[in-house]
>>> print(open('query_39.txt').read())   # compact mmCIF, C-alpha atoms and all ligand atoms
# COMPACT_ATOMS: atom_id res chain seq x y z
CA MET A 1 0.00 0.00 0.00
CA THR A 2 1.31 3.47 -0.84
CA THR A 3 0.49 6.67 0.97
CA THR A 4 1.86 10.03 -0.05
CA THR A 5 1.17 13.48 1.23
CA THR A 6 1.35 16.65 -0.82
CA THR A 7 2.72 19.78 0.76
CA LEU A 8 0.55 22.80 0.22
CA LYS A 9 1.78 26.31 0.23
CA GLU A 10 0.32 28.49 2.98
CA VAL A 11 -3.04 29.88 1.95
CA ASP A 12 -3.57 33.59 2.48
CA TYR A 13 -6.92 34.44 3.96
CA GLU A 14 -8.25 37.88 3.26
CA GLN A 15 -9.37 40.06 6.10
CA PRO A 16 -12.80 41.56 5.42
CA THR A 17 -12.78 45.34 5.26
CA ASP A 18 -15.89 45.92 7.32
CA GLY A 19 -17.31 44.72 10.64
CA ALA A 20 -15.69 43.30 13.74
CA VAL A 21 -13.18 40.50 13.26
CA CYS A 22 -12.30 37.36 15.13
CA ALA A 23 -8.96 35.69 14.47
CA THR A 24 -8.50 31.94 14.45
CA ARG A 25 -5.00 31.39 13.15
CA HIS A 26 -5.00 32.93 9.67
CA ALA A 27 -8.76 33.03 9.35
CA TRP A 28 -10.68 36.23 9.74
CA ALA A 29 -14.38 36.37 9.95
CA ARG A 30 -17.01 38.92 10.80
CA VAL A 31 -18.73 38.21 14.10
CA PRO A 32 -22.41 39.17 14.13
CA ALA A 33 -23.39 41.68 16.80
CA GLU A 34 -25.05 40.30 19.96
CA LEU A 35 -28.79 40.92 19.83
CA SER A 36 -31.13 41.73 22.71
CA ALA A 37 -34.00 39.32 23.43
CA HIS A 38 -36.39 41.84 21.89
CA GLU A 39 -34.33 42.15 18.68
CA ARG A 40 -34.05 38.37 18.38
CA ALA A 41 -37.83 37.99 18.71
CA GLN A 42 -38.39 40.69 16.09
CA PHE A 43 -36.00 39.10 13.59
CA LYS A 44 -37.58 35.68 14.15
CA ASP A 45 -41.07 37.06 13.49
CA LYS A 46 -39.84 38.75 10.34
CA ILE A 47 -38.13 35.56 9.12
CA ARG A 48 -41.26 33.45 9.80
CA ARG A 49 -43.32 35.89 7.73
CA LEU A 50 -40.79 36.14 4.89
CA LEU A 51 -40.36 32.36 4.64
CA LYS A 52 -44.08 32.05 3.89
CA GLU A 53 -44.21 35.02 1.54
CA LYS A 54 -41.21 33.88 -0.49
CA ASN A 55 -41.97 30.13 -0.52
CA ALA A 56 -38.66 29.54 1.25
CA VAL A 57 -37.29 26.98 3.71
CA MET A 58 -34.35 27.10 6.12
CA VAL A 59 -31.56 24.52 5.96
CA SER A 60 -29.19 24.90 8.92
CA HIS A 61 -26.07 23.05 10.06
CA TYR A 62 -25.57 21.92 13.67
CA TYR A 63 -22.69 24.38 14.14
CA VAL A 64 -24.62 27.60 13.50
CA HIS A 65 -26.20 29.76 16.21
CA PRO A 66 -28.95 27.96 18.20
CA ASP A 67 -31.54 30.51 17.01
CA LEU A 68 -30.89 29.49 13.38
CA GLN A 69 -31.14 25.81 14.28
CA ASP A 70 -34.40 26.16 16.26
CA LEU A 71 -36.04 28.47 13.74
CA ALA A 72 -35.22 26.11 10.88
CA GLU A 73 -36.96 23.23 12.65
CA GLU A 74 -39.86 25.27 13.91
CA THR A 75 -40.65 26.53 10.38
CA GLY A 76 -40.52 23.13 8.65
CA GLY A 77 -36.87 23.28 7.61
CA ILE A 78 -34.04 21.14 8.89
CA VAL A 79 -30.99 21.22 11.11
CA SER A 80 -28.63 18.41 10.21
CA ASP A 81 -25.22 17.25 9.04
CA SER A 82 -23.93 18.20 5.59
CA LEU A 83 -25.22 15.02 3.91
CA GLU A 84 -28.81 15.48 5.03
CA MET A 85 -28.68 19.21 4.26
CA ALA A 86 -27.91 18.31 0.65
CA ARG A 87 -30.66 15.69 0.45
CA PHE A 88 -33.27 17.88 2.14
CA GLY A 89 -32.55 20.88 -0.10
CA ARG A 90 -32.80 18.74 -3.22
CA ASP A 91 -36.08 17.09 -2.21
CA HIS A 92 -37.97 20.02 -0.66
CA ALA A 93 -40.63 21.71 -2.79
CA ALA A 94 -39.75 25.27 -1.71
CA GLN A 95 -38.44 27.54 -4.48
CA THR A 96 -35.93 29.24 -2.18
CA LEU A 97 -33.47 27.56 0.19
CA VAL A 98 -31.86 29.63 2.94
CA VAL A 99 -28.70 27.74 3.83
CA SER A 100 -27.11 28.66 7.16
CA GLY A 101 -23.69 27.09 7.23
CA VAL A 102 -20.63 27.58 5.04
CA ARG A 103 -20.29 28.24 1.36
CA PHE A 104 -19.79 24.69 0.13
CA MET A 105 -23.17 23.76 1.63
CA GLY A 106 -24.90 26.49 -0.37
CA GLU A 107 -23.01 25.51 -3.53
CA THR A 108 -23.98 21.84 -3.11
CA ALA A 109 -27.62 22.88 -2.73
CA LYS A 110 -27.39 24.98 -5.91
CA ILE A 111 -25.70 22.20 -7.90
CA LEU A 112 -28.47 19.80 -6.89
CA SER A 113 -31.26 22.33 -7.57
CA PRO A 114 -30.06 24.81 -10.21
CA GLY A 115 -33.62 26.04 -10.71
CA LYS A 116 -34.01 27.07 -7.06
CA THR A 117 -32.76 30.25 -5.45
CA VAL A 118 -30.19 29.43 -2.76
CA LEU A 119 -29.54 32.25 -0.31
CA MET A 120 -26.82 32.37 2.33
CA PRO A 121 -26.62 34.81 5.25
CA ASP A 122 -22.97 35.63 4.47
CA LEU A 123 -21.18 34.64 1.28
CA ASP A 124 -17.77 35.04 2.96
CA ALA A 125 -18.53 32.09 5.28
CA THR A 126 -16.08 29.56 3.92
CA CYS A 127 -14.08 26.59 5.26
CA SER A 128 -10.35 26.00 5.71
CA LEU A 129 -10.63 22.73 3.78
CA ASP A 130 -12.21 24.45 0.79
CA LEU A 131 -9.68 27.32 0.93
CA GLY A 132 -6.78 24.88 1.19
CA CYS A 133 -7.71 22.96 -1.96
CA PRO A 134 -7.52 25.35 -4.94
CA ILE A 135 -8.70 23.84 -8.21
CA GLU A 136 -5.49 24.44 -10.20
CA GLU A 137 -3.27 22.57 -7.73
CA PHE A 138 -5.89 19.92 -7.14
CA SER A 139 -6.26 19.35 -10.87
CA ALA A 140 -2.49 18.91 -11.21
CA PHE A 141 -2.58 16.40 -8.33
CA CYS A 142 -5.32 14.43 -10.13
CA ASP A 143 -3.38 14.56 -13.41
CA ALA A 144 -0.38 13.06 -11.62
CA HIS A 145 -2.48 10.06 -10.50
CA PRO A 146 -4.65 9.11 -13.49
CA ASP A 147 -5.09 5.53 -12.25
CA ARG A 148 -6.89 6.55 -9.07
CA THR A 149 -10.56 7.07 -8.25
CA VAL A 150 -10.92 10.66 -7.06
CA VAL A 151 -12.84 10.90 -3.79
CA VAL A 152 -13.40 14.36 -2.37
CA TYR A 153 -14.95 15.52 0.84
CA ALA A 154 -18.06 17.70 0.61
CA ASN A 155 -16.07 20.64 2.06
CA THR A 156 -14.72 21.69 -1.36
CA SER A 157 -15.52 24.12 -4.16
CA ALA A 158 -17.85 23.28 -7.04
CA ALA A 159 -14.81 23.21 -9.36
CA VAL A 160 -13.06 20.58 -7.20
CA LYS A 161 -16.26 18.51 -7.11
CA ALA A 162 -16.32 18.70 -10.91
CA ARG A 163 -12.93 16.92 -10.97
CA ALA A 164 -14.12 14.18 -8.62
CA ASP A 165 -15.56 10.73 -9.19
CA TRP A 166 -17.14 10.54 -5.74
CA LEU A 167 -18.24 13.00 -3.13
CA VAL A 168 -18.34 11.89 0.50
CA THR A 169 -19.26 13.44 3.82
CA SER A 170 -17.98 12.18 7.14
CA SER A 171 -21.17 10.18 7.64
CA CYS A 172 -20.69 8.04 4.52
CA ALA A 173 -16.95 8.19 3.70
CA LEU A 174 -16.17 4.87 5.37
CA ASP A 175 -18.90 2.94 3.54
CA ILE A 176 -18.05 4.45 0.15
CA VAL A 177 -14.29 3.97 0.39
CA ARG A 178 -14.79 0.41 1.65
CA ALA A 179 -16.97 -0.34 -1.39
CA LEU A 180 -14.33 1.15 -3.71
CA LYS A 181 -11.57 -0.82 -2.04
CA ASP A 182 -13.60 -4.04 -2.33
CA GLN A 183 -13.57 -3.44 -6.10
CA GLY A 184 -9.79 -3.06 -6.08
CA GLN A 185 -9.89 0.67 -6.78
CA LYS A 186 -7.00 2.88 -5.67
CA ILE A 187 -8.00 6.23 -4.26
CA LEU A 188 -6.93 9.83 -4.50
CA TRP A 189 -8.35 11.55 -1.41
CA ALA A 190 -8.83 15.27 -0.71
CA PRO A 191 -8.73 17.49 1.18
CA ASP A 192 -8.93 16.54 4.93
CA ARG A 193 -5.80 14.59 5.93
CA HIS A 194 -7.17 13.49 9.33
CA LEU A 195 -10.44 12.14 7.93
CA GLY A 196 -8.56 10.55 5.02
CA ASP A 197 -6.05 8.95 7.35
CA TYR A 198 -8.84 7.63 9.58
CA ILE A 199 -10.61 6.11 6.55
CA ARG A 200 -7.33 4.56 5.38
CA ARG A 201 -6.66 3.03 8.82
CA GLU A 202 -10.20 1.63 9.02
CA THR A 203 -10.46 0.26 5.47
CA GLY A 204 -6.84 -0.48 4.53
CA ALA A 205 -7.52 1.21 1.18
CA ASP A 206 -4.63 2.39 -0.98
CA MET A 207 -4.95 6.19 -0.73
CA VAL A 208 -2.86 9.17 -1.74
CA MET A 209 -3.77 12.21 0.31
CA TRP A 210 -4.11 15.93 -0.02
CA ASN A 211 -2.75 17.79 2.99
CA GLY A 212 -5.71 19.84 4.23
CA ALA A 213 -7.17 20.26 7.71
CA CYS A 214 -10.09 21.80 9.54
CA ILE A 215 -8.81 24.65 11.71
CA VAL A 216 -11.36 23.76 14.41
CA HIS A 217 -10.88 19.99 14.76
CA ASP A 218 -7.12 20.15 14.21
CA GLU A 219 -6.86 21.90 17.60
CA PHE A 220 -8.15 19.08 19.82
CA LYS A 221 -5.34 17.73 22.03
CA ALA A 222 -4.97 14.08 23.03
CA LEU A 223 -2.88 14.67 26.15
CA GLU A 224 -5.41 17.09 27.58
CA LEU A 225 -8.25 14.80 26.58
CA GLU A 226 -6.67 11.97 28.58
CA LEU A 227 -6.55 14.24 31.63
CA LEU A 228 -10.21 15.19 31.17
CA LYS A 229 -11.11 11.51 30.85
CA LYS A 230 -9.43 10.89 34.22
CA GLU A 231 -11.58 13.64 35.75
CA HIS A 232 -14.72 12.06 34.28
CA PRO A 233 -14.01 8.33 34.10
CA GLN A 234 -17.63 7.44 33.29
CA ALA A 235 -17.79 9.81 30.32
CA LYS A 236 -17.95 8.40 26.79
CA VAL A 237 -15.77 10.21 24.25
CA LEU A 238 -17.45 11.14 20.94
CA VAL A 239 -15.08 12.43 18.24
CA HIS A 240 -15.57 13.91 14.76
CA PRO A 241 -13.12 12.25 12.32
CA GLU A 242 -11.65 15.59 11.20
CA SER A 243 -9.72 15.41 14.51
CA PRO A 244 -6.07 14.27 14.77
CA ALA A 245 -5.35 10.52 14.94
CA ASP A 246 -4.28 10.53 18.61
CA VAL A 247 -7.61 12.16 19.57
CA ILE A 248 -9.55 9.65 17.46
CA ALA A 249 -7.64 6.86 19.22
CA LEU A 250 -9.25 7.91 22.52
CA ALA A 251 -12.80 7.86 21.13
CA ASP A 252 -15.59 5.51 22.16
CA VAL A 253 -17.44 6.57 19.01
CA VAL A 254 -16.07 8.30 15.90
CA GLY A 255 -18.80 9.94 13.83
CA SER A 256 -20.10 12.81 11.77
CA THR A 257 -22.15 15.47 13.52
CA SER A 258 -25.28 13.33 13.13
CA GLY A 259 -23.30 10.26 14.22
CA ILE A 260 -22.24 12.07 17.40
CA LEU A 261 -25.81 13.15 18.08
CA ASN A 262 -27.14 9.67 17.49
CA ALA A 263 -24.53 8.15 19.82
CA ALA A 264 -25.31 10.64 22.58
CA CYS A 265 -29.04 9.96 22.28
CA THR A 266 -28.78 6.17 22.20
CA MET A 267 -25.78 5.24 24.35
CA ASP A 268 -26.40 4.08 27.87
CA ALA A 269 -24.19 6.73 29.49
CA ARG A 270 -24.89 9.95 31.38
CA GLU A 271 -21.69 11.87 30.64
CA PHE A 272 -20.00 12.61 27.33
CA ILE A 273 -16.87 14.41 26.16
CA ILE A 274 -17.44 15.95 22.73
CA ALA A 275 -14.62 16.58 20.25
CA THR A 276 -16.31 18.66 17.58
CA ASP A 277 -17.33 22.29 17.03
CA ASN A 278 -19.16 23.45 20.16
CA GLY A 279 -22.13 24.65 18.09
CA MET A 280 -23.12 20.98 18.40
CA MET A 281 -23.76 21.38 22.14
CA HIS A 282 -27.12 23.05 21.58
CA LYS A 283 -28.74 20.05 19.94
CA LEU A 284 -26.93 17.56 22.19
CA ARG A 285 -28.23 19.32 25.31
CA THR A 286 -31.78 20.01 24.13
CA LEU A 287 -32.30 16.40 23.04
CA ASN A 288 -30.63 14.95 26.16
CA PRO A 289 -31.66 17.09 29.13
CA GLY A 290 -30.60 14.47 31.69
CA LYS A 291 -27.09 14.04 30.28
CA VAL A 292 -23.91 16.04 30.83
CA PHE A 293 -21.67 17.18 27.95
CA TYR A 294 -18.09 18.41 28.30
CA GLU A 295 -16.16 20.09 25.52
CA ALA A 296 -12.96 18.28 24.53
CA PRO A 297 -9.90 20.41 25.31
CA THR A 298 -8.06 22.36 22.64
CA ALA A 299 -5.02 23.16 24.82
CA GLY A 300 -3.67 22.73 28.33
CA ASN A 301 -4.26 24.99 31.33
CA SER A 302 -0.87 26.60 30.87
CA ALA A 303 -1.43 27.42 27.20
CA THR A 304 -1.30 31.12 26.37
CA CYS A 305 -3.59 30.73 23.37
CA LYS A 306 -6.54 28.36 23.38
CA SER A 307 -8.78 27.72 20.40
CA CYS A 308 -12.48 28.32 21.12
CA ALA A 309 -13.55 25.16 19.20
CA HIS A 310 -16.03 27.16 17.18
CA CYS A 311 -15.76 27.62 13.43
CA PRO A 312 -15.26 31.32 12.68
CA TRP A 313 -17.14 30.95 9.42
CA MET A 314 -20.13 29.12 10.88
CA ALA A 315 -20.23 31.95 13.44
CA MET A 316 -20.83 34.49 10.66
CA ASN A 317 -24.40 33.27 10.13
CA SER A 318 -26.90 35.54 11.87
CA LEU A 319 -30.64 36.11 12.28
CA ALA A 320 -30.20 39.65 10.95
CA ASP A 321 -28.61 38.39 7.73
CA VAL A 322 -31.18 35.64 7.23
CA ALA A 323 -33.91 38.30 7.46
CA ARG A 324 -31.98 40.63 5.15
CA VAL A 325 -31.32 38.07 2.39
CA LEU A 326 -34.90 36.84 2.49
CA GLU A 327 -36.20 40.37 2.18
CA THR A 328 -33.83 41.56 -0.55
CA GLY A 329 -32.79 38.37 -2.37
CA ALA A 330 -29.15 39.32 -1.74
CA ASN A 331 -26.43 36.68 -1.40
CA ALA A 332 -27.86 34.25 -3.94
CA ILE A 333 -25.34 31.48 -4.56
CA GLN A 334 -24.13 31.27 -8.16
CA VAL A 335 -22.37 28.25 -9.59
CA ASP A 336 -21.02 28.37 -13.14
CA PRO A 337 -23.75 26.56 -15.17
CA ALA A 338 -21.02 25.03 -17.34
CA ILE A 339 -19.66 22.96 -14.44
CA ILE A 340 -22.95 22.05 -12.73
CA PRO A 341 -23.61 18.80 -14.66
CA ARG A 342 -20.08 17.49 -14.00
CA ALA A 343 -20.04 18.65 -10.35
CA ARG A 344 -23.39 16.97 -9.83
CA GLN A 345 -22.17 13.50 -10.84
CA PRO A 346 -20.17 12.70 -7.68
CA ILE A 347 -22.89 14.19 -5.48
CA ASP A 348 -25.60 12.11 -7.15
CA ARG A 349 -23.44 9.00 -6.74
CA MET A 350 -23.10 9.68 -3.02
CA LEU A 351 -26.83 10.34 -2.56
CA ALA A 352 -27.82 7.20 -4.48
CA PHE A 353 -25.29 5.07 -2.56
CA THR A 354 -26.38 6.34 0.87
CA ALA A 355 -30.09 6.05 0.02
CA ALA A 356 -29.56 2.42 -1.03
CA LEU A 357 -27.52 1.68 2.08
CA LYS A 358 -30.20 3.17 4.31
CA SER A 359 -32.98 1.13 2.73
CA GLY A 360 -30.95 -2.08 2.81
CA GLN A 361 -30.62 -2.36 -0.98
CA PRO A 362 -27.44 -3.73 -2.60
CA VAL A 363 -24.86 -1.04 -3.34
CA ALA A 364 -22.39 -2.96 -5.53
CA GLY A 365 -24.15 -1.90 -8.76
CA LEU A 366 -23.85 1.73 -7.69
CA VAL A 367 -20.04 1.63 -7.70
CA PRO A 368 -18.78 1.97 -11.30
CA ASN A 369 -15.27 0.80 -11.96
CA ILE A 370 -13.67 4.20 -12.40
CA GLY A 371 -9.93 4.83 -12.21
CA ALA A 372 -9.42 1.19 -13.19
CA ALA A 373 -6.67 -0.31 -11.09
P1 LIG B 1 -20.71 16.94 8.99
O1 LIG B 1 -20.84 16.41 7.62
O2 LIG B 1 -20.36 15.90 10.01
O3 LIG B 1 -21.93 17.73 9.36
O4 LIG B 1 -19.46 17.91 9.02
C1 LIG B 1 -19.38 19.09 8.28
C2 LIG B 1 -18.30 19.92 8.77
O5 LIG B 1 -17.98 20.95 8.21
C3 LIG B 1 -17.58 19.46 9.96
O6 LIG B 1 -16.62 20.36 10.34
FE1 LIG B 2 -14.69 23.79 7.62
FE2 LIG B 2 -13.87 23.06 10.01
FE3 LIG B 2 -15.55 25.10 9.77
FE4 LIG B 2 -16.37 22.54 9.29
S1 LIG B 2 -15.71 23.40 11.25
S2 LIG B 2 -16.81 24.34 8.06
S3 LIG B 2 -14.52 21.69 8.36
S4 LIG B 2 -13.44 25.02 9.01
>>> encode(input="query_39.txt", output="structure tokens", more="lines below")
Ligand code: 13P
Ligand code: SF4
Amino acid sequence: MTTTTTTLKEVDYEQPTDGAVCATRHAWARVPAELSAHERAQFKDKIRRLLKEKNAVMVSHYYVHPDLQDLAEETGGIVSDSLEMARFGRDHAAQTLVVSGVRFMGETAKILSPGKTVLMPDLDATCSLDLGCPIEEFSAFCDAHPDRTVVVYANTSAAVKARADWLVTSSCALDIVRALKDQGQKILWAPDRHLGDYIRRETGADMVMWNGACIVHDEFKALELELLKKEHPQAKVLVHPESPADVIALADVVGSTSGILNAACTMDAREFIIATDNGMMHKLRTLNPGKVFYEAPTAGNSATCKSCAHCPWMAMNSLADVARVLETGANAIQVDPAIIPRARQPIDRMLAFTAALKSGQPVAGLVPNIGAA
């Protein structure tokens, strides 16, 4: 088995010219202003009204502000992981989707429903994995490995998806790569090195890797996690696979955001340590009022700089901007129509594969022999 790692040049992130900023390493993002209870209630009323008027539905990720999660559910939308966001947006009858999350989620929704309007609260809400995988370099990487099936994580641009054979999210990556490996296919994986490495360890697949990382999950620390486990010996450790290998090694369950939620809801334990973005805590705590959730540590007590374990780009989504884009139609996601059909292929493959898996149908016929070994 061969495993290689590309070295990426440092990506420059641009600092927005307006608004307050929050720095997480190189990433700069606008932080929405804190709202009073009265302002929040007013924005929510306005959004409820506009959703009806505009035939729109909210699609929110678990990491965005609790108000955007609760309002999505209350108004017939969804709060979910990135896989279910894509499926829900594709299947819902509404003409307008308001996607609270990061840019790749809005682009995926647009690729799957080019005829719908897809609005996002802030178009600058991106992802370090997407930023760290520019299409030109990624294309050259693919050209250097023509014998490999190209599997990319959902957290990528539309152009990168258009170079891929398969799209995966963290909730289906293991099943899809295992099916490819069973067919003898060799894999080119991008961009998250921790998730890719986890999949390679679990499946034994032959994978060459892009060297990307999530700036949030990359910060979880195994040594500190061991200490926290000693403080709470009964606690089960639930870890998102974008985390480093030594953190994953301490997990009782490794899963996507929905996998973590499912484990917390179904496991026979009262205490949990959670290694993922702390936006997840809202749903974990509301669905499990009798259980206790601790955030996994991002640095030791003596550290001078501790990561907050919250994605700076997810934090850019706000009630005020949801109301504004619904009212004005601003921030509509555009994807180059010329690449939509090609970018859609790997997404459709993933959705068909996961739908079959869920309903217990055979998946072998859904895995074409691409990148012939
Ligand atoms: P999920 O697919 O698990 O929701 O993850 C998306 C993401 O961006 C995690 O950081
Ligand atoms: Fe990207 Fe990490 Fe933010 Fe998820 S949490 S959107 S992977 S930077």
>>> residues_near_ligand(input="query_39.txt", ligand="ligand LIG 2 (chain B)", cutoff="6 Å", atoms="only C-alpha atoms and all ligand atoms", output="list of chain:residue names")
A:Val102, A:Cys127, A:Ser128, A:Leu129, A:Cys214, A:Ile215, A:Val216, A:Cys311
>>> write_last_selection(input="query_39.txt", atoms="C-alpha atoms", output="PDB file, keeping the file's coordinate frame")
ATOM      1  CA  VAL A 102     -20.630  27.580   5.040  1.00  0.00           C
ATOM      2  CA  CYS A 127     -14.080  26.590   5.260  1.00  0.00           C
ATOM      3  CA  SER A 128     -10.350  26.000   5.710  1.00  0.00           C
ATOM      4  CA  LEU A 129     -10.630  22.730   3.780  1.00  0.00           C
ATOM      5  CA  CYS A 214     -10.090  21.800   9.540  1.00  0.00           C
ATOM      6  CA  ILE A 215      -8.810  24.650  11.710  1.00  0.00           C
ATOM      7  CA  VAL A 216     -11.360  23.760  14.410  1.00  0.00           C
ATOM      8  CA  CYS A 311     -15.760  27.620  13.430  1.00  0.00           C
TER       9      CYS A 311
END
>>> closest_residue(input="query_39.txt", among="A:Thr286, A:Asn278, A:Thr328, A:Asn55", to="Met120 of chain A", atoms="all atoms listed in the file")
A:Thr328
>>> closest_atom_pairs(input="query_39.txt", of="chain A", to="ligand LIG 1 (chain B)", cutoff="6 Å", atoms="only C-alpha atoms and all ligand atoms", output="CSV")
residue,atom,partner,partner_atom,distance
A:Asp81,CA,B:LIG1,O3,3.3
A:Ser82,CA,B:LIG1,O1,4.1
A:Leu83,CA,B:LIG1,O1,5.9
A:Thr169,CA,B:LIG1,O1,5.1
A:Ser170,CA,B:LIG1,O1,5.1
A:Ser256,CA,B:LIG1,O2,3.6
A:Thr257,CA,B:LIG1,O2,4.0
>>> closest_residue(input="query_39.txt", among="A:Met280, A:Ala93, A:Ile187, A:Ala356", to="Pro146 of chain A", atoms="only C-alpha atoms")
A:Ile187
>>> residues_around(input="query_39.txt", residues="Val335 of chain A", least_positions_apart="6", cutoff="12 Å", atoms="only C-alpha atoms", output="ChimeraX atom specification")
/A:103-104,106-118,157-159,161-162,341-344
>>> closest_residue(input="query_39.txt", among="A:Gly204, A:Gly89, A:Pro368, A:Gly329", to="Leu50 of chain A", atoms="all atoms listed in the file")
A:Gly329
>>> closest_residue(input="query_39.txt", among="A:Glu231, A:Tyr62, A:Glu137, A:Gly212", to="Ile260 of chain A", atoms="only C-alpha atoms")
A:Tyr62
>>> atom_distance(input="query_39.txt", atom1="atom CA of Leu225 of chain A", atom2="atom CA of Gly101 of chain A")
27.6 Å
>>> atom_distance(input="query_39.txt", atom1="atom CA of Glu226 of chain A", atom2="atom CA of Trp210 of chain A")
29.0 Å
>>> closest_residue(input="query_39.txt", among="A:Leu167, A:Ala264, A:Ile78, A:Leu123", to="Ala352 of chain A", atoms="all atoms listed in the file")
A:Leu167
>>> closest_residue(input="query_39.txt", among="A:Thr75, A:Thr156, A:Ser318, A:Gln183", to="Pro32 of chain A", atoms="only C-alpha atoms")
A:Ser318
>>> atom_distance(input="query_39.txt", atom1="atom CA of Phe220 of chain A", atom2="atom CA of Pro241 of chain A")
11.3 Å
>>> residues_around(input="query_39.txt", residues="Gly255 of chain A", least_positions_apart="2", cutoff="10 Å", atoms="only C-alpha atoms", output="PyMOL selection string")
chain A and resi 170-172+238-242+248+251-253+257-263+276
>>> residues_around(input="query_39.txt", residues="segment 35-37 of chain A", least_positions_apart="4", cutoff="10 Å", atoms="only C-alpha atoms", output="number ranges by chain")
A: 41-43, 318-320
>>> residues_near_point(input="query_39.txt", point="(-43.3, 41.3, 0.3)", cutoff="10 Å", atoms="all atoms listed in the file", output="list of chain:residue names")
A:Arg49, A:Leu50, A:Lys52, A:Glu53, A:Lys54, A:Leu326, A:Glu327, A:Thr328
>>> decode(input="query_39.txt", residues="segment 151-168 of chain A", atoms="N, CA and C atoms", output="CSV table (one decimal), in the first residue's frame")
chain,number,residue,atom,x,y,z
A,151,VAL,N,-11.8,10.8,-4.8
A,151,VAL,CA,-12.8,10.9,-3.8
A,151,VAL,C,-12.6,12.2,-3.0
A,152,VAL,N,-13.6,13.1,-3.1
A,152,VAL,CA,-13.4,14.4,-2.4
A,152,VAL,C,-14.5,14.5,-1.3
A,153,TYR,N,-14.1,15.2,-0.3
A,153,TYR,CA,-14.9,15.5,0.8
A,153,TYR,C,-15.9,16.6,0.4
A,154,ALA,N,-17.1,16.7,1.0
A,154,ALA,CA,-18.1,17.7,0.6
A,154,ALA,C,-17.5,19.1,0.8
A,155,ASN,N,-16.6,19.3,1.7
A,155,ASN,CA,-16.1,20.6,2.1
A,155,ASN,C,-15.1,21.1,1.0
A,156,THR,N,-15.6,21.3,-0.2
A,156,THR,CA,-14.7,21.7,-1.4
A,156,THR,C,-15.5,22.6,-2.3
A,157,SER,N,-14.8,23.3,-3.2
A,157,SER,CA,-15.5,24.1,-4.2
A,157,SER,C,-16.3,23.3,-5.2
A,158,ALA,N,-17.1,24.0,-5.9
A,158,ALA,CA,-17.8,23.3,-7.0
A,158,ALA,C,-16.8,22.8,-8.1
A,159,ALA,N,-15.8,23.6,-8.3
A,159,ALA,CA,-14.8,23.2,-9.4
A,159,ALA,C,-14.1,21.9,-9.0
A,160,VAL,N,-13.7,21.8,-7.7
A,160,VAL,CA,-13.1,20.6,-7.2
A,160,VAL,C,-14.0,19.4,-7.3
A,161,LYS,N,-15.3,19.6,-7.0
A,161,LYS,CA,-16.3,18.5,-7.1
A,161,LYS,C,-16.3,18.1,-8.6
A,162,ALA,N,-16.2,19.0,-9.5
A,162,ALA,CA,-16.3,18.7,-10.9
A,162,ALA,C,-15.1,17.9,-11.4
A,163,ARG,N,-14.1,17.8,-10.6
A,163,ARG,CA,-12.9,16.9,-11.0
A,163,ARG,C,-13.0,15.5,-10.3
A,164,ALA,N,-14.1,15.4,-9.5
A,164,ALA,CA,-14.1,14.2,-8.6
A,164,ALA,C,-15.0,13.1,-9.2
A,165,ASP,N,-14.7,11.9,-8.8
A,165,ASP,CA,-15.6,10.7,-9.2
A,165,ASP,C,-16.6,10.5,-8.1
A,166,TRP,N,-16.2,10.7,-6.9
A,166,TRP,CA,-17.1,10.5,-5.7
A,166,TRP,C,-17.1,11.7,-4.8
A,167,LEU,N,-18.2,12.1,-4.3
A,167,LEU,CA,-18.2,13.0,-3.1
A,167,LEU,C,-18.5,12.2,-1.9
A,168,VAL,N,-18.0,12.5,-0.8
A,168,VAL,CA,-18.3,11.9,0.5
A,168,VAL,C,-18.5,13.0,1.6
